[in-house]
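Data file: structure29.cif. Format and content: mmCIF, C-alpha atoms.
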data_start
loop_
_atom_site.label_atom_id
_atom_site.label_comp_id
_atom_site.auth_asym_id
_atom_site.auth_seq_id
_atom_site.Cartn_x
_atom_site.Cartn_y
_atom_site.Cartn_z
CA MET A 5 26.65 83.91 64.46
CA PRO A 6 28.44 87.12 63.37
CA GLN A 7 26.41 90.32 63.33
CA ALA A 8 25.75 92.35 60.17
CA SER A 9 27.32 95.42 61.73
CA MET A 10 30.70 93.70 62.06
CA LYS A 11 31.54 93.63 58.36
CA ALA A 12 30.78 96.16 55.66
CA SER A 13 31.01 93.31 53.15
CA LEU A 14 28.15 91.27 54.55
CA LYS A 15 24.71 90.86 53.11
CA ILE A 16 21.73 89.37 54.94
CA PHE A 17 19.97 86.59 53.07
CA ARG A 18 16.47 85.59 54.08
CA THR A 19 15.53 81.94 54.05
CA PRO A 20 12.37 80.25 55.32
CA GLY A 21 12.81 79.75 59.06
CA LEU A 22 16.48 80.78 58.96
CA CYS A 23 18.49 83.99 58.77
CA TRP A 24 22.17 83.79 57.89
CA LEU A 25 24.84 86.11 56.66
CA GLY A 26 26.37 85.70 53.22
CA LEU A 27 29.53 87.29 51.90
CA LEU A 28 29.22 89.61 48.95
CA LEU A 29 31.90 88.06 46.84
CA ALA A 30 32.98 91.29 45.17
CA ALA A 31 32.92 93.46 48.25
CA ALA A 32 35.86 95.08 49.96
CA GLY A 33 37.27 93.38 53.02
CA PRO A 34 38.37 89.75 53.38
CA ALA A 35 39.25 88.35 50.00
CA ALA A 36 39.74 84.90 48.54
CA ALA A 37 38.71 83.18 45.35
CA ILE A 38 38.50 79.58 44.14
CA VAL A 39 39.71 78.35 47.50
CA VAL A 40 40.91 74.77 47.18
CA SER A 41 41.77 71.75 49.31
CA ASP A 42 45.13 70.98 47.69
CA ASP A 43 47.47 73.41 45.86
CA PRO A 44 46.10 76.63 44.27
CA ASP A 45 48.82 76.53 41.62
CA LEU A 46 47.31 73.32 40.27
CA HIS A 47 44.08 75.18 39.46
CA VAL A 48 45.42 78.03 37.30
CA VAL A 49 43.82 78.39 33.85
CA THR A 50 46.45 78.95 31.15
CA ALA A 51 45.58 79.92 27.58
CA PRO A 52 44.74 78.34 25.31
CA SER A 53 41.99 76.55 27.20
CA SER A 54 38.27 76.00 27.13
CA TYR A 55 37.85 78.72 29.77
CA ASP A 56 39.64 81.60 28.04
CA MET A 57 36.33 83.44 27.54
CA VAL A 58 36.06 83.92 31.31
CA GLY A 59 37.54 87.34 31.96
CA TYR A 60 38.50 89.74 34.71
CA LEU A 61 36.43 92.81 35.63
CA ASN A 62 38.26 95.59 37.45
CA THR A 63 35.01 96.45 39.25
CA ALA A 64 34.31 96.26 43.00
CA GLY A 65 37.90 95.39 43.78
CA GLY A 66 38.14 92.74 41.07
CA THR A 67 35.39 90.39 39.85
CA THR A 68 34.64 87.93 37.05
CA ALA A 69 32.45 87.75 33.94
CA SER A 70 31.93 85.38 31.01
CA VAL A 71 31.56 86.16 27.31
CA VAL A 72 28.10 85.07 26.13
CA ASP A 73 28.07 87.01 22.84
CA PRO A 74 30.81 88.85 20.94
CA TRP A 75 29.59 92.12 22.50
CA PHE A 76 28.13 90.98 25.86
CA VAL A 77 29.33 89.39 29.10
CA LEU A 78 27.37 87.75 31.91
CA THR A 79 28.13 88.51 35.56
CA ALA A 80 26.54 89.24 38.95
CA ALA A 81 24.62 92.49 39.41
CA HIS A 82 26.45 93.42 42.60
CA ALA A 83 29.76 93.05 40.74
CA VAL A 84 28.92 95.94 38.41
CA ASN A 85 27.41 98.59 40.67
CA ASN A 86 29.62 101.09 38.87
CA ILE A 87 30.93 100.50 35.35
CA SER A 88 32.10 104.03 34.57
CA GLY A 89 35.69 103.85 33.36
CA LYS A 90 35.86 100.11 34.12
CA THR A 91 37.15 97.32 31.90
CA PHE A 92 36.87 93.63 31.07
CA THR A 93 40.11 91.77 30.31
CA LEU A 94 40.64 88.51 28.47
CA TYR A 95 43.95 86.65 28.65
CA LEU A 96 44.15 84.80 25.35
CA ALA A 97 46.87 82.82 23.65
CA ASP A 98 47.72 85.80 21.45
CA GLY A 99 47.96 88.23 24.35
CA THR A 100 45.91 90.41 26.69
CA HIS A 101 42.77 92.09 25.36
CA VAL A 102 41.07 94.91 27.29
CA PHE A 103 37.53 96.13 26.61
CA SER A 104 35.72 99.11 28.11
CA LEU A 105 32.33 98.53 29.75
CA ALA A 106 29.63 100.51 27.98
CA GLU A 107 26.18 99.59 29.27
CA LYS A 108 24.68 97.28 31.90
CA PHE A 109 21.36 95.48 32.17
CA LEU A 110 20.26 94.28 35.61
CA HIS A 111 17.73 91.54 36.29
CA PRO A 112 14.81 92.95 38.31
CA SER A 113 15.15 90.41 41.14
CA ALA A 114 18.07 88.01 40.69
CA ASP A 115 21.68 89.06 41.34
CA LEU A 116 22.39 88.87 37.63
CA ALA A 117 23.65 91.33 35.01
CA VAL A 118 24.46 91.45 31.32
CA VAL A 119 27.05 94.05 30.33
CA ARG A 120 27.66 95.38 26.83
CA LEU A 121 31.25 96.06 25.86
CA ALA A 122 32.41 99.07 23.86
CA ALA A 123 34.03 96.78 21.27
CA SER A 124 33.46 93.27 20.03
CA THR A 125 35.62 90.52 21.49
CA GLY A 126 35.37 88.62 18.23
CA LEU A 127 34.54 85.51 20.26
CA PRO A 128 31.27 83.54 20.05
CA GLY A 129 30.77 83.29 23.80
CA TYR A 130 29.46 80.44 25.93
CA GLU A 131 25.98 78.98 25.60
CA LEU A 132 23.56 78.74 28.52
CA TYR A 133 22.42 75.59 30.29
CA ASP A 134 18.67 75.13 29.74
CA GLN A 135 18.09 71.81 31.49
CA THR A 136 16.79 71.48 35.08
CA ASP A 137 18.77 68.40 36.12
CA GLU A 138 21.64 70.24 37.85
CA VAL A 139 21.29 68.54 41.25
CA GLY A 140 23.87 65.79 41.63
CA ARG A 141 25.87 67.00 38.63
CA THR A 142 29.47 68.14 38.95
CA GLY A 143 30.08 71.81 38.38
CA VAL A 144 33.28 73.42 37.08
CA LEU A 145 33.71 76.66 39.03
CA VAL A 146 35.82 79.39 37.41
CA GLY A 147 36.87 82.80 38.75
CA TYR A 148 39.53 85.44 39.39
CA GLY A 149 40.81 86.68 42.75
CA MET A 150 42.88 85.59 45.71
CA SER A 151 43.17 81.92 46.55
CA GLY A 152 44.36 79.55 49.24
CA THR A 153 43.13 76.40 50.94
CA GLY A 154 40.14 75.73 53.15
CA ASP A 155 42.24 75.74 56.31
CA THR A 156 44.67 78.62 55.57
CA VAL A 157 42.70 81.54 54.17
CA LEU A 158 42.31 84.09 56.97
CA ASP A 159 40.60 87.45 57.07
CA GLY A 160 42.35 89.52 54.38
CA GLY A 161 43.17 86.57 52.15
CA ASP A 162 46.43 84.85 51.31
CA PRO A 163 49.02 87.36 49.98
CA ASN A 164 50.73 84.56 48.07
CA TYR A 165 47.73 84.35 45.73
CA PRO A 166 46.59 87.86 44.73
CA ARG A 167 43.59 88.60 42.56
CA GLY A 168 43.92 88.61 38.80
CA THR A 169 44.63 84.92 38.17
CA ASN A 170 41.98 82.73 36.59
CA ARG A 171 41.48 79.46 38.50
CA LEU A 172 39.02 76.60 38.29
CA GLY A 173 37.93 73.65 40.37
CA TYR A 174 35.07 71.26 40.95
CA ASN A 175 32.15 70.87 43.32
CA LYS A 176 28.97 68.85 43.38
CA ILE A 177 25.67 70.68 43.03
CA ASP A 178 23.82 69.57 46.15
CA SER A 179 20.40 71.21 45.80
CA ILE A 180 18.28 74.04 44.39
CA TYR A 181 17.73 76.85 46.87
CA THR A 182 14.92 79.41 46.60
CA ASP A 183 15.09 82.57 48.71
CA LEU A 184 12.07 84.49 50.00
CA ASP A 185 12.17 86.72 46.92
CA GLY A 186 11.69 83.64 44.76
CA VAL A 187 15.20 83.75 43.27
CA LYS A 188 16.57 80.32 42.34
CA HIS A 189 20.14 79.30 43.24
CA LEU A 190 22.41 76.29 42.86
CA ARG A 191 23.72 75.25 46.30
CA PHE A 192 27.03 73.46 46.98
CA ASP A 193 29.09 72.90 50.13
CA PHE A 194 32.87 72.78 50.66
CA ASP A 195 33.95 69.38 51.96
CA ALA A 196 37.35 68.88 53.55
CA PRO A 197 39.74 66.21 52.27
CA ASP A 198 38.57 62.71 53.22
CA SER A 199 35.22 64.13 54.40
CA HIS A 200 31.98 62.80 53.02
CA GLY A 201 30.12 65.98 54.00
CA PRO A 202 26.40 66.27 54.74
CA SER A 203 25.52 66.27 51.03
CA GLY A 204 28.19 63.94 49.71
CA THR A 205 31.56 64.84 48.26
CA LEU A 206 33.57 64.53 45.08
CA GLY A 207 36.38 62.87 46.97
CA ALA A 208 39.57 63.83 48.76
CA ASP A 209 41.39 66.97 47.61
CA ARG A 210 38.92 67.71 44.82
CA GLU A 211 36.29 70.22 45.98
CA VAL A 212 36.71 74.00 45.78
CA MET A 213 34.72 76.97 47.07
CA ILE A 214 34.02 80.45 45.71
CA ALA A 215 34.71 83.61 47.69
CA ALA A 216 35.61 87.29 47.24
CA GLY A 217 36.75 88.04 43.69
CA ASP A 218 34.71 85.27 42.09
CA SER A 219 31.50 87.30 41.87
CA GLY A 220 29.92 86.91 38.47
CA GLY A 221 32.06 83.93 37.51
CA PRO A 222 30.52 80.89 35.82
CA LEU A 223 29.68 77.39 36.92
CA PHE A 224 29.78 75.00 33.97
CA ILE A 225 28.24 71.56 34.00
CA GLU A 226 31.19 69.17 33.79
CA GLY A 227 31.65 67.74 30.33
CA THR A 228 30.03 70.79 28.70
CA LEU A 229 30.82 74.44 28.13
CA LEU A 230 27.31 75.47 29.15
CA ILE A 231 26.95 78.05 31.93
CA ALA A 232 24.59 76.72 34.59
CA GLY A 233 25.35 79.17 37.42
CA VAL A 234 26.71 82.62 38.21
CA HIS A 235 28.65 82.97 41.49
CA VAL A 236 27.00 85.34 43.98
CA SER A 237 27.45 84.39 47.66
CA VAL A 238 28.90 82.19 50.41
CA ASN A 239 27.64 81.65 53.94
CA TYR A 240 30.23 81.05 56.63
CA ASP A 241 30.62 80.31 60.34
CA ASP A 242 33.98 81.86 61.17
CA GLU A 243 34.32 85.58 60.41
CA ASN A 244 38.12 85.43 60.83
CA HIS A 245 38.68 82.34 58.68
CA TRP A 246 36.70 81.90 55.52
CA PRO A 247 35.81 80.33 53.30
CA THR A 248 36.58 77.21 55.23
CA TYR A 249 35.50 73.60 55.09
CA GLY A 250 31.79 73.27 55.72
CA ASP A 251 30.86 76.63 54.18
CA VAL A 252 28.16 76.72 51.49
CA GLY A 253 28.24 78.55 48.15
CA PHE A 254 25.35 79.82 46.03
CA ASP A 255 25.11 80.57 42.32
CA VAL A 256 22.17 82.16 40.54
CA ARG A 257 20.55 79.32 38.60
CA VAL A 258 20.98 80.26 34.93
CA SER A 259 18.36 77.84 33.56
CA THR A 260 15.68 79.85 35.40
CA TYR A 261 16.82 83.14 33.87
CA ALA A 262 18.13 82.05 30.46
CA ALA A 263 15.16 83.61 28.66
CA TRP A 264 15.84 86.99 30.27
CA ILE A 265 19.56 86.83 29.44
CA ARG A 266 18.81 86.07 25.81
CA SER A 267 16.17 88.81 25.61
CA VAL A 268 18.77 91.44 26.49
CA ILE A 269 21.16 90.41 23.70
CA PRO A 270 20.01 91.28 20.14
CA ASP A 271 20.31 88.78 17.31
CA GLN A 272 22.51 91.23 15.39
CA PRO A 273 24.75 93.98 16.76
CA ALA A 274 23.84 97.62 16.27
CA THR A 275 26.86 97.96 13.99
CA GLN A 276 24.69 96.15 11.44
CA THR A 277 21.17 97.28 12.36
CA ALA A 278 21.71 100.83 13.75
CA ASP A 279 19.23 99.95 16.51
CA PHE A 280 21.60 101.33 19.13
CA ASN A 281 19.14 101.27 22.03
CA MET A 282 17.91 97.77 21.12
CA ASP A 283 14.22 98.73 21.20
CA GLY A 284 13.40 96.91 17.97
CA GLY A 285 13.37 99.91 15.64
CA VAL A 286 15.61 102.55 14.10
CA ASP A 287 14.37 106.08 14.70
CA VAL A 288 15.20 109.52 16.08
CA LEU A 289 16.31 108.00 19.37
CA ASP A 290 19.10 106.22 17.57
CA ILE A 291 20.15 109.42 15.79
CA ASN A 292 20.36 111.22 19.13
CA ALA A 293 22.25 108.33 20.69
CA LEU A 294 24.81 108.36 17.87
CA PHE A 295 25.28 112.12 18.19
CA GLY A 296 25.77 111.68 21.93
CA VAL A 297 28.54 109.12 21.45
CA ILE A 298 30.31 111.36 18.94
CA ARG A 299 30.16 114.26 21.41
CA GLY A 300 31.69 111.94 24.01
CA GLY A 301 34.72 111.17 21.85
CA GLY A 302 33.40 108.35 19.66
CA THR A 303 35.06 105.47 21.52
CA ASP A 304 32.05 103.14 21.69
CA LEU A 305 32.32 101.00 18.56
CA TRP A 306 28.77 99.68 19.00
CA TYR A 307 27.96 102.84 16.96
CA ASP A 308 30.53 102.23 14.20
CA LEU A 309 28.24 101.66 11.20
CA THR A 310 31.00 102.08 8.64
CA ALA A 311 33.31 99.50 10.26
CA ASP A 312 36.30 101.83 10.04
CA GLY A 313 37.11 101.75 13.75
CA LEU A 314 35.80 105.30 14.22
CA VAL A 315 32.50 106.83 15.29
CA ASN A 316 32.06 110.13 13.46
CA SER A 317 30.10 111.98 10.79
CA GLY A 318 30.55 109.07 8.41
CA ASP A 319 28.33 107.02 10.68
CA THR A 320 25.65 109.72 10.90
CA ASP A 321 25.68 109.97 7.12
CA LYS A 322 25.13 106.23 6.82
CA LEU A 323 22.40 106.19 9.45
CA ILE A 324 20.43 109.15 8.11
CA ARG A 325 20.90 108.76 4.38
CA GLN A 326 21.32 105.03 3.79
CA ILE A 327 19.60 103.23 6.65
CA LEU A 328 16.74 105.67 7.30
CA GLY A 329 16.68 106.97 3.72
CA ARG A 330 16.29 110.57 4.93
CA GLU A 331 18.25 113.83 4.72
CA TYR A 332 19.74 116.27 7.20
CA GLY A 333 17.14 118.83 8.26
CA ASP A 334 14.24 116.35 8.18
CA ALA A 335 13.27 116.80 11.82
CA ASN A 336 10.11 114.68 11.67
CA LEU A 337 11.66 112.02 9.40
CA ASP A 338 8.76 112.15 6.96
CA GLY A 339 11.07 112.07 3.95
CA ARG A 340 10.87 115.80 3.17
CA VAL A 341 12.93 118.75 4.35
CA ASP A 342 10.25 121.45 4.39
CA GLY A 343 8.39 124.03 6.44
CA LEU A 344 7.23 121.48 8.98
CA ASP A 345 10.83 120.82 9.89
CA TYR A 346 11.51 124.54 10.07
CA VAL A 347 8.63 124.86 12.54
CA GLU A 348 10.39 122.47 14.91
CA TRP A 349 13.63 124.42 14.58
CA SER A 350 11.94 127.77 15.15
CA LEU A 351 9.98 126.54 18.18
CA HIS A 352 13.23 125.52 19.85
CA TYR A 353 15.45 128.33 18.54
CA GLN A 354 18.35 129.06 20.93
CA MET A 355 17.26 126.34 23.35
CA THR A 356 19.78 123.77 24.61
CA GLY A 357 19.64 120.10 25.51
CA LEU A 358 17.80 119.31 22.28
CA GLY A 359 17.64 116.38 19.90
CA TRP A 360 17.19 115.88 16.17
CA GLU A 361 13.39 116.05 16.36
CA GLU A 362 13.65 119.52 17.92
CA GLY A 363 15.80 121.06 15.22
CA ASP A 364 19.31 120.04 16.32
CA PHE A 365 20.64 118.73 13.01
CA ASN A 366 24.36 118.88 13.76
CA GLY A 367 24.31 117.09 17.12
CA ASP A 368 25.50 119.93 19.37
CA THR A 369 22.19 119.92 21.36
CA ILE A 370 21.40 123.54 20.37
CA ALA A 371 18.92 124.80 17.75
CA ASP A 372 20.65 127.78 16.18
CA GLY A 373 21.83 129.27 12.92
CA LEU A 374 24.05 126.32 12.17
CA ASP A 375 21.04 124.03 12.15
CA TYR A 376 19.10 126.52 10.05
CA ASN A 377 21.91 126.38 7.52
CA VAL A 378 21.56 122.61 7.40
CA TRP A 379 17.81 122.89 6.92
CA SER A 380 18.11 125.53 4.17
CA MET A 381 20.82 123.54 2.38
CA TYR A 382 18.53 120.56 1.99
CA TYR A 383 15.22 122.42 1.76
CA GLN A 384 13.50 120.51 -1.01
CA GLY A 385 11.93 121.99 -4.12
CA ALA A 386 12.07 125.61 -3.03
CA GLU A 387 12.79 126.98 -6.53
CA ALA A 388 10.33 124.65 -8.20
CA ALA A 389 7.62 125.73 -5.79
CA GLY A 390 8.48 129.38 -6.33
CA VAL A 391 9.25 129.85 -2.63
CA PRO A 392 12.62 131.40 -1.84
CA VAL A 393 14.34 130.14 1.27
CA PRO A 394 13.92 132.92 3.86
CA GLU A 395 16.65 134.18 6.15
CA PRO A 396 16.49 132.68 9.66
CA ALA A 397 15.89 136.03 11.39
CA ALA A 398 12.90 136.72 9.18
CA LEU A 399 11.51 133.25 9.64
CA VAL A 400 11.70 133.46 13.39
CA LEU A 401 9.52 136.58 13.23
CA LEU A 402 6.94 135.11 10.85
CA PRO A 403 3.42 135.15 12.32
CA ALA A 404 1.68 131.82 12.60
CA GLY A 405 -0.58 132.48 9.62
CA ALA A 406 2.28 133.35 7.31
CA LEU A 407 4.25 130.31 8.41
CA ALA A 408 1.22 128.11 7.76
CA LEU A 409 0.93 129.64 4.29
CA LEU A 410 4.60 128.91 3.64
CA VAL A 411 4.04 125.30 4.61
CA ARG A 412 0.94 125.00 2.39
CA ARG A 413 2.77 126.54 -0.59
CA ARG A 414 5.67 124.16 0.00
CA GLN A 415 3.33 121.21 -0.01
#

Please express what this file holds, its structure, as structure tokens.
Amino acid sequence: MPQASMKASLKIFRTPGLCWLGLLLAAAGPAAAIVVSDDPDLHVVTAPSSYDMVGYLNTAGGTTASVVDPWFVLTAAHAVNNISGKTFTLYLADGTHVFSLAEKFLHPSADLAVVRLAASTGLPGYELYDQTDEVGRTGVLVGYGMSGTGDTVLDGGDPNYPRGTNRLGYNKIDSIYTDLDGVKHLRFDFDAPDSHGPSGTLGADREVMIAAGDSGGPLFIEGTLLIAGVHVSVNYDDENHWPTYGDVGFDVRVSTYAAWIRSVIPDQPATQTADFNMDGGVDVLDINALFGVIRGGGTDLWYDLTADGLVNSGDTDKLIRQILGREYGDANLDGRVDGLDYVEWSLHYQMTGLGWEEGDFNGDTIADGLDYNVWSMYYQGAEAAGVPVPEPAALVLLPAGALALLVRRRQ
């Protein structure tokens, strides 16, 4: 058996009574994907097809993900260790569509991730397989990466079949495998042509196997477009020739984790609700998040409340005035711009790294004269209450008692 120190791309999997080495499908090093037993060119997915919502991630050397919501894709956690500056690409009948990766959500134990895109794909996405009858069913395996056959793919892959092409093939789900961490997987082996294999076969020249580049790709139950598995690993016997006939592949079993996947994806996008952090409410955290995106250039359209293709002051206006029903300068969001809000500004005067609740009303993370101007502009009822709006320098010097009096008079 090969040793873990021999390949940087190896991961040790623990099984009851057995220790074996599995290939991290997205890792650097030997690369192959949707390895077949006949001709790789016969397995290419061409749009339009039922599998056009399976896309290419330019993460970890090239991986795979599936659209499961207009804004979200499903993949393997190890395929998205780093999403900064990375993209998801769909090859559709009307052309190539590229989406930036904005935010990832990792399952606490399974090698599973949901990633939010910075723009909507406009596609409904695939549904998840909820049944538990996968064993004995035929799976449709889809993924991007290098390809070849089970007796030709050597260490380094087949240069005739580079990554970036979507391919599919079939394999029979042989069993459910549970590792020592309790994570459930679908298990399937790679039978050679004319081989019956230890767990049965689909027949000569029909079975395929996943490998490097397929990480995060889907396994559909044949006859449906329901995702039952997410590709994560392969065990192998020959470190210089893999995957080869007799190797075994493992997918995270989606039916076990479907509830978690759905819990990550909101019923409505934040473009409609303004709940940008998806915590179930709209509050100061969402104001600060919107300001942060605008400071970053406004390219994440999850924050585009006005549906104009831009993220700017128009969106803050809609969030603060229409959705929250508040006004600029209302630090505590109690519906009044008054002395209580000034207190927050004055307590944080000239500090940096601040948010709305601390007196930063223009989103530059500093409480200064610009924010005071915002507060004074919308200070409510000053003339009616007979209280002139003080100058910021004077207010900063007000003793606590005088400031309290100002607040009481304002109320």

Original post:
For Ala263 of chain A, which residue out of A:Asp338, A:Glu348, A:Asp134, A:Asp218 is the nearest one, using all atoms listed in the file?
Top reply: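 Ranking A:Asp338, A:Glu348, A:Asp134, A:Asp218 by distance to Ala263 of chain A, first place goes to A:Asp134.
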
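For the pair atom CA of Arg120 of chain A and atom CA of Glu107 of chain A, the separation is 5.1 Å.
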
Subject >> Selection result for the PyMOL selection byres ((chain A and resi 58-67) around 9) on this file, as a VMD selection string >> reply: chain A and resid 29 to 32 55 to 57 68 to 71 77 79 to 80 82 to 87 90 to 95 146 to 149 167 to 170 216 to 222

**OP:** Check the smallest atom-to-atom distance from each of A:Ala278, A:Thr320, A:Arg257, A:Gly173 to Gln135 of chain A using all atoms listed in the file, then report the winner.
**Re:**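 So, comparing all the options, the nearest one is A:Arg257.
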
Could you please give me, as a PDB file with C-alpha atoms, in the frame of the given file, the residues of protein, DNA or RNA lying at most 10 Å from (28.5, 79.0, 31.0) in the coordinate frame of the file, considering only C-alpha atoms?
ATOM      1  CA  TYR A  55      37.850  78.720  29.770  1.00  0.00           C
ATOM      2  CA  MET A  57      36.330  83.440  27.540  1.00  0.00           C
ATOM      3  CA  VAL A  58      36.060  83.920  31.310  1.00  0.00           C
ATOM      4  CA  SER A  70      31.930  85.380  31.010  1.00  0.00           C
ATOM      5  CA  VAL A  71      31.560  86.160  27.310  1.00  0.00           C
ATOM      6  CA  VAL A  72      28.100  85.070  26.130  1.00  0.00           C
ATOM      7  CA  LEU A  78      27.370  87.750  31.910  1.00  0.00           C
ATOM      8  CA  GLY A 129      30.770  83.290  23.800  1.00  0.00           C
ATOM      9  CA  TYR A 130      29.460  80.440  25.930  1.00  0.00           C
ATOM     10  CA  GLU A 131      25.980  78.980  25.600  1.00  0.00           C
ATOM     11  CA  LEU A 132      23.560  78.740  28.520  1.00  0.00           C
ATOM     12  CA  TYR A 133      22.420  75.590  30.290  1.00  0.00           C
ATOM     13  CA  VAL A 144      33.280  73.420  37.080  1.00  0.00           C
ATOM     14  CA  LEU A 145      33.710  76.660  39.030  1.00  0.00           C
ATOM     15  CA  VAL A 146      35.820  79.390  37.410  1.00  0.00           C
ATOM     16  CA  GLY A 221      32.060  83.930  37.510  1.00  0.00           C
ATOM     17  CA  PRO A 222      30.520  80.890  35.820  1.00  0.00           C
ATOM     18  CA  LEU A 223      29.680  77.390  36.920  1.00  0.00           C
ATOM     19  CA  PHE A 224      29.780  75.000  33.970  1.00  0.00           C
ATOM     20  CA  ILE A 225      28.240  71.560  34.000  1.00  0.00           C
ATOM     21  CA  THR A 228      30.030  70.790  28.700  1.00  0.00           C
ATOM     22  CA  LEU A 229      30.820  74.440  28.130  1.00  0.00           C
ATOM     23  CA  LEU A 230      27.310  75.470  29.150  1.00  0.00           C
ATOM     24  CA  ILE A 231      26.950  78.050  31.930  1.00  0.00           C
ATOM     25  CA  ALA A 232      24.590  76.720  34.590  1.00  0.00           C
ATOM     26  CA  GLY A 233      25.350  79.170  37.420  1.00  0.00           C
ATOM     27  CA  VAL A 234      26.710  82.620  38.210  1.00  0.00           C
ATOM     28  CA  VAL A 258      20.980  80.260  34.930  1.00  0.00           C
TER      29      VAL A 258
END

Can you give me, as a tab-separated table (two decimals) with C-alpha atoms, in the coordinates of the input, the residues this file yields under the PyMOL selection byres ((chain A and resi 43-51) around 6)?
chain	number	residue	atom	x	y	z
A	42	ASP	CA	45.13	70.98	47.69
A	52	PRO	CA	44.74	78.34	25.31
A	53	SER	CA	41.99	76.55	27.20
A	96	LEU	CA	44.15	84.80	25.35
A	97	ALA	CA	46.87	82.82	23.65
A	170	ASN	CA	41.98	82.73	36.59
A	171	ARG	CA	41.48	79.46	38.50
A	172	LEU	CA	39.02	76.60	38.29

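Compared by their closest atoms to Val315 of chain A, and using all atoms listed in the file, the residues A:Asp372, A:Val252, A:Met355, A:Ala122 rank with A:Ala122 nearest.
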
**OP:** For atom CA of Asp290 of chain A and atom CA of Gly357 of chain A, determine how far apart the two atoms are, in Å to one decimal place.
**Re:**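 Calculated distance between atom CA of Asp290 of chain A and atom CA of Gly357 of chain A is 16.0 Å.
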
Original post:
So which residues get picked by the PyMOL selection byres ((chain A and resi 261) around 10) here, written as a VMD selection string?
Top reply: chain A and resid 111 114 116 132 134 187 to 188 256 to 260 262 to 266

Writing out the chosen residues with C-alpha atoms as a PDB file, in the coordinates of the input:
ATOM      1  CA  HIS A 111      17.730  91.540  36.290  1.00  0.00           C
ATOM      2  CA  ALA A 114      18.070  88.010  40.690  1.00  0.00           C
ATOM      3  CA  LEU A 116      22.390  88.870  37.630  1.00  0.00           C
ATOM      4  CA  LEU A 132      23.560  78.740  28.520  1.00  0.00           C
ATOM      5  CA  ASP A 134      18.670  75.130  29.740  1.00  0.00           C
ATOM      6  CA  VAL A 187      15.200  83.750  43.270  1.00  0.00           C
ATOM      7  CA  LYS A 188      16.570  80.320  42.340  1.00  0.00           C
ATOM      8  CA  VAL A 256      22.170  82.160  40.540  1.00  0.00           C
ATOM      9  CA  ARG A 257      20.550  79.320  38.600  1.00  0.00           C
ATOM     10  CA  VAL A 258      20.980  80.260  34.930  1.00  0.00           C
ATOM     11  CA  SER A 259      18.360  77.840  33.560  1.00  0.00           C
ATOM     12  CA  THR A 260      15.680  79.850  35.400  1.00  0.00           C
ATOM     13  CA  ALA A 262      18.130  82.050  30.460  1.00  0.00           C
ATOM     14  CA  ALA A 263      15.160  83.610  28.660  1.00  0.00           C
ATOM     15  CA  TRP A 264      15.840  86.990  30.270  1.00  0.00           C
ATOM     16  CA  ILE A 265      19.560  86.830  29.440  1.00  0.00           C
ATOM     17  CA  ARG A 266      18.810  86.070  25.810  1.00  0.00           C
TER      18      ARG A 266
END

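The shortest atom-to-atom distance to Ala106 of chain A, with all atoms listed in the file taken into account, belongs to A:Asp304 out of A:Asp255, A:Asp304, A:Asp183, A:Asp375.
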
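Atom CA of Val297 of chain A is positioned 14.5 Å from atom CA of Ser88 of chain A.
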
Original post:
Pick the closest to Leu105 of chain A from A:Gly89, A:Gly154, A:Gly329, A:Gly186: which is it, counting all atoms listed in the file?
Top reply: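 Smallest separation from Leu105 of chain A among the options: A:Gly89.
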
Subject >> Proximity to Gly302 of chain A - best of A:Leu127, A:Leu314, A:Ile324, A:Ala196, only C-alpha atoms >> reply: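 Closest to Gly302 of chain A of all the choices is A:Leu314.
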
Who sits within 10 Å of Leu289 of chain A, all atoms listed in the file, same chain under 5 positions skipped, as a compact mmCIF listing (two decimals) with C-alpha atoms, keeping the file's coordinate frame:
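Listing of around-v9.txt after writing:
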# COMPACT_ATOMS: atom_id res chain seq x y z
CA ASP A 279 19.23 99.95 16.51
CA PHE A 280 21.60 101.33 19.13
CA ASN A 281 19.14 101.27 22.03
CA ASP A 283 14.22 98.73 21.20
CA LEU A 294 24.81 108.36 17.87
CA PHE A 295 25.28 112.12 18.19
CA GLY A 359 17.64 116.38 19.90
CA TRP A 360 17.19 115.88 16.17
CA GLU A 361 13.39 116.05 16.36
